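Data file: my_file21.tsv. Format and content: TSV, N, CA and C atoms.
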```tsv
chain	number	residue	atom	x	y	z
A	1	MET	N	165.92	302.46	295.51
A	1	MET	CA	166.48	302.10	296.79
A	1	MET	C	166.91	303.37	297.50
A	2	SER	N	166.48	303.55	298.68
A	2	SER	CA	166.85	304.73	299.45
A	2	SER	C	167.87	304.33	300.52
A	3	ILE	N	168.77	305.26	300.80
A	3	ILE	CA	169.81	305.01	301.80
A	3	ILE	C	169.45	305.79	303.05
A	4	SER	N	169.39	305.10	304.13
A	4	SER	CA	169.14	305.77	305.39
A	4	SER	C	170.39	305.69	306.24
A	5	ILE	N	170.43	306.51	307.26
A	5	ILE	CA	171.61	306.54	308.13
A	5	ILE	C	171.82	305.21	308.84
A	6	THR	N	170.75	304.47	309.04
A	6	THR	CA	170.90	303.18	309.70
A	6	THR	C	171.50	302.15	308.77
A	7	SER	N	171.27	302.27	307.46
A	7	SER	CA	171.86	301.30	306.52
A	7	SER	C	173.34	301.59	306.26
A	8	ILE	N	173.78	302.83	306.48
A	8	ILE	CA	175.19	303.18	306.30
A	8	ILE	C	176.02	302.55	307.41
A	9	GLY	N	175.57	302.63	308.60
A	9	GLY	CA	176.28	302.04	309.71
A	9	GLY	C	177.11	303.07	310.45
A	10	VAL	N	177.27	302.83	311.72
A	10	VAL	CA	178.01	303.74	312.58
A	10	VAL	C	179.48	303.77	312.22
A	11	THR	N	180.05	302.61	311.90
A	11	THR	CA	181.48	302.53	311.55
A	11	THR	C	181.77	303.34	310.28
A	12	ASP	N	180.92	303.20	309.28
A	12	ASP	CA	181.11	303.95	308.04
A	12	ASP	C	181.01	305.45	308.27
A	13	LEU	N	180.06	305.84	309.09
A	13	LEU	CA	179.89	307.26	309.41
A	13	LEU	C	181.11	307.79	310.16
A	14	ALA	N	181.62	307.01	311.11
A	14	ALA	CA	182.80	307.43	311.87
A	14	ALA	C	184.01	307.55	310.95
A	15	LEU	N	184.20	306.60	310.04
A	15	LEU	CA	185.31	306.67	309.08
A	15	LEU	C	185.18	307.89	308.18
A	16	PHE	N	183.97	308.19	307.75
A	16	PHE	CA	183.73	309.37	306.92
A	16	PHE	C	184.10	310.65	307.67
A	17	LEU	N	183.67	310.75	308.92
A	17	LEU	CA	183.97	311.94	309.72
A	17	LEU	C	185.47	312.08	309.98
A	18	VAL	N	186.15	310.98	310.24
A	18	VAL	CA	187.61	311.02	310.43
A	18	VAL	C	188.28	311.47	309.14
A	19	GLY	N	187.80	310.98	308.02
A	19	GLY	CA	188.34	311.40	306.72
A	19	GLY	C	188.16	312.89	306.48
A	20	VAL	N	186.97	313.40	306.80
A	20	VAL	CA	186.69	314.83	306.63
A	20	VAL	C	187.60	315.65	307.54
A	21	LEU	N	187.76	315.23	308.79
A	21	LEU	CA	188.62	315.96	309.73
A	21	LEU	C	190.09	315.91	309.28
A	22	LEU	N	190.53	314.77	308.79
A	22	LEU	CA	191.90	314.66	308.30
A	22	LEU	C	192.13	315.55	307.08
A	23	PHE	N	191.18	315.54	306.16
A	23	PHE	CA	191.27	316.42	304.99
A	23	PHE	C	191.34	317.88	305.41
A	24	ARG	N	190.51	318.26	306.36
A	24	ARG	CA	190.48	319.66	306.84
A	24	ARG	C	191.81	320.03	307.51
A	25	ALA	N	192.37	319.13	308.29
A	25	ALA	CA	193.65	319.39	308.95
A	25	ALA	C	194.76	319.56	307.92
A	26	ILE	N	194.79	318.71	306.92
A	26	ILE	CA	195.81	318.82	305.87
A	26	ILE	C	195.62	320.11	305.08
A	27	PHE	N	194.39	320.45	304.76
A	27	PHE	CA	194.11	321.69	304.04
A	27	PHE	C	194.57	322.91	304.85
A	28	ASN	N	194.28	322.92	306.15
A	28	ASN	CA	194.72	324.04	307.00
A	28	ASN	C	196.24	324.12	307.06
A	29	TRP	N	196.92	322.99	307.18
A	29	TRP	CA	198.39	322.97	307.24
A	29	TRP	C	198.99	323.51	305.94
A	30	VAL	N	198.47	323.05	304.80
A	30	VAL	CA	198.98	323.52	303.51
A	30	VAL	C	198.72	325.01	303.35
A	31	SER	N	197.56	325.48	303.74
A	31	SER	CA	197.24	326.91	303.64
A	31	SER	C	198.18	327.75	304.51
A	32	ARG	N	198.47	327.28	305.73
A	32	ARG	CA	199.37	328.00	306.62
A	32	ARG	C	200.79	328.03	306.07
A	33	LYS	N	201.26	326.90	305.54
A	33	LYS	CA	202.61	326.84	304.95
A	33	LYS	C	202.72	327.80	303.77
A	34	ARG	N	201.72	327.84	302.93
A	34	ARG	CA	201.75	328.73	301.77
A	34	ARG	C	201.77	330.18	302.22
A	35	ALA	N	201.00	330.52	303.25
A	35	ALA	CA	200.98	331.89	303.76
A	35	ALA	C	202.34	332.27	304.34
A	36	ILE	N	202.97	331.37	305.08
A	36	ILE	CA	204.29	331.63	305.65
A	36	ILE	C	205.30	331.84	304.53
A	37	ASN	N	205.25	330.99	303.49
A	37	ASN	CA	206.20	331.10	302.38
A	37	ASN	C	205.99	332.34	301.52
A	38	ARG	N	204.92	333.06	301.77
A	38	ARG	CA	204.66	334.32	301.05
A	38	ARG	C	204.92	335.55	301.92
A	39	THR	N	205.47	335.35	303.11
A	39	THR	CA	205.68	336.44	304.05
A	39	THR	C	206.44	337.59	303.39
A	40	PHE	N	207.58	337.29	302.81
A	40	PHE	CA	208.43	338.34	302.26
A	40	PHE	C	207.93	338.83	300.90
A	41	SER	N	207.48	337.93	300.04
A	41	SER	CA	207.03	338.36	298.71
A	41	SER	C	205.80	339.27	298.82
A	42	SER	N	204.90	338.99	299.78
A	42	SER	CA	203.73	339.86	299.92
A	42	SER	C	204.09	341.22	300.49
A	43	ALA	N	205.24	341.31	301.18
A	43	ALA	CA	205.70	342.60	301.72
A	43	ALA	C	206.65	343.31	300.75
A	44	GLY	N	206.92	342.69	299.60
A	44	GLY	CA	207.82	343.30	298.62
A	44	GLY	C	209.28	343.18	298.97
A	45	ILE	N	209.63	342.24	299.83
A	45	ILE	CA	211.02	342.03	300.24
A	45	ILE	C	211.61	340.93	299.37
A	46	PRO	N	212.72	341.20	298.68
A	46	PRO	CA	213.30	340.19	297.80
A	46	PRO	C	213.96	339.06	298.59
A	47	GLY	N	214.28	337.99	297.89
A	47	GLY	CA	214.98	336.87	298.51
A	47	GLY	C	214.81	335.62	297.68
A	48	PRO	N	215.54	334.58	298.02
A	48	PRO	CA	215.41	333.32	297.28
A	48	PRO	C	214.03	332.71	297.49
A	49	ARG	N	213.53	332.08	296.46
A	49	ARG	CA	212.21	331.47	296.54
A	49	ARG	C	212.29	330.20	297.39
A	50	PRO	N	211.43	330.08	298.40
A	50	PRO	CA	211.49	328.90	299.27
A	50	PRO	C	210.82	327.68	298.65
A	51	THR	N	211.30	326.50	299.04
A	51	THR	CA	210.59	325.28	298.69
A	51	THR	C	209.48	325.09	299.72
A	52	PHE	N	208.51	324.27	299.38
A	52	PHE	CA	207.32	324.15	300.24
A	52	PHE	C	207.65	323.64	301.63
A	53	LEU	N	208.41	322.56	301.74
A	53	LEU	CA	208.65	321.94	303.04
A	53	LEU	C	209.85	322.50	303.78
A	54	THR	N	210.94	322.80	303.09
A	54	THR	CA	212.19	323.14	303.77
A	54	THR	C	212.61	324.58	303.63
A	55	GLY	N	211.82	325.40	302.97
A	55	GLY	CA	212.20	326.80	302.79
A	55	GLY	C	213.48	326.90	301.98
A	56	ASN	N	214.44	327.69	302.46
A	56	ASN	CA	215.73	327.84	301.79
A	56	ASN	C	216.84	327.12	302.55
A	57	PHE	N	216.47	326.31	303.53
A	57	PHE	CA	217.46	325.68	304.39
A	57	PHE	C	218.46	324.80	303.62
A	58	PRO	N	218.04	324.00	302.64
A	58	PRO	CA	219.03	323.22	301.89
A	58	PRO	C	220.07	324.10	301.18
A	59	ASP	N	219.63	325.22	300.59
A	59	ASP	CA	220.58	326.15	299.95
A	59	ASP	C	221.52	326.74	300.98
A	60	TYR	N	220.98	327.09	302.13
A	60	TYR	CA	221.78	327.69	303.20
A	60	TYR	C	222.84	326.72	303.70
A	61	LEU	N	222.48	325.45	303.80
A	61	LEU	CA	223.40	324.44	304.33
A	61	LEU	C	224.36	323.88	303.28
A	62	ARG	N	224.17	324.25	302.03
A	62	ARG	CA	224.97	323.67	300.95
A	62	ARG	C	226.46	323.95	301.13
A	63	ASN	N	226.84	325.13	301.58
A	63	ASN	CA	228.25	325.48	301.81
A	63	ASN	C	228.63	325.16	303.25
A	64	ASP	N	229.90	324.76	303.44
A	64	ASP	CA	230.39	324.55	304.80
A	64	ASP	C	230.43	325.86	305.57
A	65	LEU	N	230.73	326.95	304.87
A	65	LEU	CA	230.77	328.27	305.49
A	65	LEU	C	229.46	328.99	305.14
A	66	LYS	N	228.56	329.04	306.13
A	66	LYS	CA	227.23	329.59	305.90
A	66	LYS	C	227.26	331.06	305.47
A	67	HIS	N	228.28	331.80	305.91
A	67	HIS	CA	228.34	333.21	305.54
A	67	HIS	C	228.56	333.37	304.04
A	68	GLU	N	229.14	332.35	303.37
A	68	GLU	CA	229.30	332.44	301.92
A	68	GLU	C	227.94	332.44	301.22
A	69	THR	N	227.02	331.65	301.73
A	69	THR	CA	225.67	331.65	301.17
A	69	THR	C	225.01	333.00	301.38
A	70	LEU	N	225.14	333.55	302.58
A	70	LEU	CA	224.56	334.87	302.85
A	70	LEU	C	225.22	335.95	302.00
A	71	ASP	N	226.54	335.87	301.82
A	71	ASP	CA	227.24	336.84	300.96
A	71	ASP	C	226.72	336.76	299.53
A	72	ARG	N	226.51	335.55	299.04
A	72	ARG	CA	225.99	335.38	297.67
A	72	ARG	C	224.59	335.98	297.56
A	73	TRP	N	223.76	335.75	298.58
A	73	TRP	CA	222.41	336.31	298.54
A	73	TRP	C	222.43	337.83	298.66
A	74	VAL	N	223.35	338.41	299.43
A	74	VAL	CA	223.45	339.87	299.52
A	74	VAL	C	223.79	340.44	298.15
A	75	LYS	N	224.72	339.79	297.44
A	75	LYS	CA	225.08	340.26	296.09
A	75	LYS	C	223.90	340.13	295.13
A	76	GLN	N	223.13	339.07	295.30
A	76	GLN	CA	222.03	338.80	294.38
A	76	GLN	C	220.77	339.63	294.69
A	77	TYR	N	220.43	339.80	295.97
A	77	TYR	CA	219.16	340.43	296.35
A	77	TYR	C	219.30	341.80	296.99
A	78	GLY	N	220.52	342.21	297.33
A	78	GLY	CA	220.72	343.51	297.94
A	78	GLY	C	220.91	343.42	299.45
A	79	PRO	N	221.04	344.57	300.11
A	79	PRO	CA	221.36	344.59	301.54
A	79	PRO	C	220.23	344.17	302.47
A	80	VAL	N	218.99	344.17	301.98
A	80	VAL	CA	217.84	343.73	302.78
A	80	VAL	C	217.11	342.66	301.99
A	81	PHE	N	217.01	341.46	302.56
A	81	PHE	CA	216.29	340.38	301.91
A	81	PHE	C	215.82	339.40	302.97
A	82	GLY	N	214.99	338.48	302.54
A	82	GLY	CA	214.47	337.47	303.45
A	82	GLY	C	214.68	336.08	302.91
A	83	TYR	N	214.90	335.14	303.81
A	83	TYR	CA	214.96	333.73	303.44
A	83	TYR	C	214.28	332.93	304.54
A	84	TYR	N	214.10	331.64	304.31
A	84	TYR	CA	213.33	330.80	305.22
A	84	TYR	C	214.18	329.65	305.73
A	85	GLN	N	214.26	329.54	307.05
A	85	GLN	CA	214.89	328.37	307.68
A	85	GLN	C	213.75	327.43	308.04
A	86	GLY	N	213.45	326.52	307.14
A	86	GLY	CA	212.26	325.69	307.29
A	86	GLY	C	211.06	326.59	307.10
A	87	GLU	N	210.24	326.72	308.13
A	87	GLU	CA	209.10	327.63	308.00
A	87	GLU	C	209.28	328.90	308.82
A	88	VAL	N	210.52	329.18	309.21
A	88	VAL	CA	210.80	330.40	309.98
A	88	VAL	C	211.36	331.46	309.03
A	89	PRO	N	210.62	332.56	308.81
A	89	PRO	CA	211.14	333.63	307.98
A	89	PRO	C	212.27	334.37	308.71
A	90	VAL	N	213.37	334.61	308.00
A	90	VAL	CA	214.53	335.31	308.57
A	90	VAL	C	214.81	336.53	307.70
A	91	LEU	N	214.75	337.71	308.30
A	91	LEU	CA	215.04	338.96	307.59
A	91	LEU	C	216.51	339.29	307.80
A	92	VAL	N	217.22	339.53	306.72
A	92	VAL	CA	218.65	339.85	306.77
A	92	VAL	C	218.83	341.33	306.48
A	93	LEU	N	219.52	342.01	307.40
A	93	LEU	CA	219.89	343.41	307.21
A	93	LEU	C	221.41	343.48	307.19
A	94	SER	N	221.99	343.68	306.03
A	94	SER	CA	223.45	343.68	305.96
A	94	SER	C	224.04	345.09	306.01
A	95	ASP	N	223.20	346.09	306.03
A	95	ASP	CA	223.67	347.47	306.14
A	95	ASP	C	223.70	347.86	307.63
A	96	ALA	N	224.80	348.42	308.08
A	96	ALA	CA	224.97	348.75	309.49
A	96	ALA	C	223.92	349.76	309.98
A	97	GLU	N	223.57	350.72	309.15
A	97	GLU	CA	222.57	351.72	309.56
A	97	GLU	C	221.19	351.08	309.74
A	98	ASP	N	220.82	350.16	308.83
A	98	ASP	CA	219.54	349.46	308.96
A	98	ASP	C	219.53	348.60	310.22
A	99	ALA	N	220.62	347.90	310.48
A	99	ALA	CA	220.70	347.05	311.68
A	99	ALA	C	220.61	347.91	312.94
A	100	HIS	N	221.26	349.06	312.95
A	100	HIS	CA	221.20	349.98	314.09
A	100	HIS	C	219.78	350.47	314.30
A	101	GLU	N	219.10	350.79	313.22
A	101	GLU	CA	217.71	351.26	313.30
A	101	GLU	C	216.82	350.21	313.96
A	102	VAL	N	216.96	348.97	313.54
A	102	VAL	CA	216.09	347.90	314.06
A	102	VAL	C	216.51	347.48	315.46
A	103	LEU	N	217.80	347.25	315.68
A	103	LEU	CA	218.25	346.70	316.96
A	103	LEU	C	218.27	347.72	318.09
A	104	VAL	N	218.58	348.98	317.77
A	104	VAL	CA	218.73	349.98	318.82
A	104	VAL	C	217.50	350.90	318.89
A	105	LYS	N	217.22	351.60	317.81
A	105	LYS	CA	216.13	352.57	317.84
A	105	LYS	C	214.75	351.93	317.96
A	106	MET	N	214.55	350.78	317.30
A	106	MET	CA	213.25	350.11	317.32
A	106	MET	C	213.30	348.84	318.16
A	107	GLY	N	214.29	348.71	319.01
A	107	GLY	CA	214.52	347.49	319.78
A	107	GLY	C	213.34	347.03	320.60
A	108	ARG	N	212.56	347.96	321.13
A	108	ARG	CA	211.40	347.57	321.95
A	108	ARG	C	210.32	346.87	321.12
A	109	SER	N	210.29	347.16	319.83
A	109	SER	CA	209.31	346.51	318.94
A	109	SER	C	209.74	345.11	318.53
A	110	PHE	N	211.04	344.81	318.68
A	110	PHE	CA	211.59	343.51	318.28
A	110	PHE	C	212.40	342.96	319.46
A	111	PRO	N	211.73	342.47	320.51
A	111	PRO	CA	212.46	342.10	321.73
A	111	PRO	C	213.27	340.81	321.63
A	112	ASN	N	212.95	339.92	320.72
A	112	ASN	CA	213.67	338.64	320.67
A	112	ASN	C	214.43	338.48	319.37
A	113	ARG	N	215.58	337.89	319.48
A	113	ARG	CA	216.41	337.59	318.33
A	113	ARG	C	216.35	336.08	318.10
A	114	GLN	N	216.87	335.67	316.99
A	114	GLN	CA	216.94	334.26	316.68
A	114	GLN	C	217.88	333.56	317.68
A	115	LYS	N	217.49	332.38	318.14
A	115	LYS	CA	218.33	331.64	319.07
A	115	LYS	C	219.59	331.16	318.34
A	116	HIS	N	220.71	331.23	319.05
A	116	HIS	CA	221.99	330.81	318.47
A	116	HIS	C	222.58	329.68	319.29
A	117	HIS	N	223.56	329.03	318.71
A	117	HIS	CA	224.24	327.94	319.39
A	117	HIS	C	225.37	328.44	320.28
A	118	ILE	N	225.68	329.72	320.18
A	118	ILE	CA	226.74	330.30	321.00
A	118	ILE	C	226.15	330.66	322.35
A	119	VAL	N	226.58	330.00	323.39
A	119	VAL	CA	226.07	330.27	324.73
A	119	VAL	C	227.22	330.72	325.63
A	120	ALA	N	227.88	331.78	325.20
A	120	ALA	CA	229.02	332.29	325.96
A	120	ALA	C	228.99	333.80	325.92
A	121	GLU	N	229.56	334.38	326.95
A	121	GLU	CA	229.72	335.83	326.97
A	121	GLU	C	230.94	336.19	326.13
A	122	PRO	N	230.97	337.33	325.53
A	122	PRO	CA	230.04	338.44	325.62
A	122	PRO	C	228.87	338.33	324.65
A	123	PHE	N	228.79	337.22	323.87
A	123	PHE	CA	227.72	337.12	322.88
A	123	PHE	C	226.33	337.20	323.50
A	124	LEU	N	226.11	336.52	324.61
A	124	LEU	CA	224.78	336.50	325.23
A	124	LEU	C	224.31	337.89	325.66
A	125	SER	N	225.24	338.78	325.97
A	125	SER	CA	224.89	340.14	326.39
A	125	SER	C	224.89	341.14	325.24
A	126	SER	N	225.26	340.67	324.05
A	126	SER	CA	225.29	341.58	322.89
A	126	SER	C	223.88	341.79	322.34
A	127	LEU	N	223.71	342.75	321.45
A	127	LEU	CA	222.41	343.01	320.86
A	127	LEU	C	221.87	341.80	320.10
A	128	LEU	N	222.74	340.99	319.55
A	128	LEU	CA	222.30	339.82	318.81
A	128	LEU	C	221.89	338.66	319.71
A	129	GLY	N	222.39	338.64	320.93
A	129	GLY	CA	222.11	337.53	321.82
A	129	GLY	C	221.02	337.79	322.84
A	130	LEU	N	220.60	339.03	323.01
A	130	LEU	CA	219.60	339.36	324.02
A	130	LEU	C	218.25	338.75	323.69
A	131	ARG	N	217.54	338.31	324.71
A	131	ARG	CA	216.19	337.76	324.57
A	131	ARG	C	215.27	338.48	325.53
A	132	GLY	N	214.05	338.73	325.12
A	132	GLY	CA	213.07	339.38	325.98
A	132	GLY	C	213.33	340.88	326.12
A	133	LYS	N	212.52	341.54	326.91
A	133	LYS	CA	212.63	342.99	327.06
A	133	LYS	C	213.75	343.34	327.98
```
For this file, write the structure as structure tokens.
Amino acid sequence: MSISITSIGVTDLALFLVGVLLFRAIFNWVSRKRAINRTFSSAGIPGPRPTFLTGNFPDYLRNDLKHETLDRWVKQYGPVFGYYQGEVPVLVLSDAEDAHEVLVKMGRSFPNRQKHHIVAEPFLSSLLGLRGK
């Protein structure tokens, strides 16, 4: 018995193509997430290991005082480390000289900072609050 495209049917072919496209979309999403979660490890930057879907956000939110989590990570990983807020990699520089190097001397290379919930002066005009060039 031979199978021809006419015996398969248009509906079956359409379902097959939708399945292939869905599989490809899921594969691409998983590949992108894995690449994002390797941002710091591939650059040799230490930090807590992220979970696949939420990064390090649950660990970060575990304490009421978020700076306690960051303080613990500074003690554990050193003054420069990375963690993930969901799929957003966040580089932490806890040394004043390193922060000065990045924010002031190399500021043109890093024009945007992470958005904050503080929308008041003088924070918006500070180096941490500035957006764009």
So how far away is atom N of A:Tyr83 from atom CA of A:His67, in Å?
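Calculated distance between atom CA of A:His67 and atom N of A:Tyr83 is 13.7 Å.
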Just checking: using only N, CA and C atoms, which residue out of A:Glu121, A:Tyr60, A:Gly47, A:Ser109 ends up closest to A:Gln76?
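Of all the options, A:Gly47 lies closest to A:Gln76.
For the atom pair formed by atom C of A:Asn63 and atom N of A:Asp95, the distance is 21.8 Å, given to one decimal.
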Residue contacts of A:Gly86 (5 Å, all atoms listed in the file) excluding same-chain residues fewer than 4 positions away, as an NGL selection string
:A and (54-57)
Skip stretch 44-46 of chain A itself and residues of its chain fewer than 4 positions away, then list as number ranges by chain all residues within 9 Å of it, counting only C-alpha atoms.
A: 39-40, 77-78, 80-83, 91
Can those selected residues be exported to a file as a compact mmCIF listing (two decimals), in the frame of the given file so that it contains N, CA and C atoms?
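Output file result_6.txt follows:
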```txt
# COMPACT_ATOMS: atom_id res chain seq x y z
N THR A 39 205.47 335.35 303.11
CA THR A 39 205.68 336.44 304.05
C THR A 39 206.44 337.59 303.39
N PHE A 40 207.58 337.29 302.81
CA PHE A 40 208.43 338.34 302.26
C PHE A 40 207.93 338.83 300.90
N TYR A 77 220.43 339.80 295.97
CA TYR A 77 219.16 340.43 296.35
C TYR A 77 219.30 341.80 296.99
N GLY A 78 220.52 342.21 297.33
CA GLY A 78 220.72 343.51 297.94
C GLY A 78 220.91 343.42 299.45
N VAL A 80 218.99 344.17 301.98
CA VAL A 80 217.84 343.73 302.78
C VAL A 80 217.11 342.66 301.99
N PHE A 81 217.01 341.46 302.56
CA PHE A 81 216.29 340.38 301.91
C PHE A 81 215.82 339.40 302.97
N GLY A 82 214.99 338.48 302.54
CA GLY A 82 214.47 337.47 303.45
C GLY A 82 214.68 336.08 302.91
N TYR A 83 214.90 335.14 303.81
CA TYR A 83 214.96 333.73 303.44
C TYR A 83 214.28 332.93 304.54
N LEU A 91 214.75 337.71 308.30
CA LEU A 91 215.04 338.96 307.59
C LEU A 91 216.51 339.29 307.80
```
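Separating atom CA of A:Ile26 from atom CA of A:Leu53 is a distance of 13.5 Å.
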Quick one: everything within 7 Å of A:Asn37, counting only N, CA and C atoms, minus sequence neighbours fewer than 5 positions away in the same chain. Send it as a list in words.
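With the cut-off at 7 Å, the set is Arg32, Ser42, Pro50 and Glu87 of chain A.
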Can you list every residue in stretch 14-46 of chain A that DSSP puts in alpha helix (DSSP H), as a count of residues only?
27
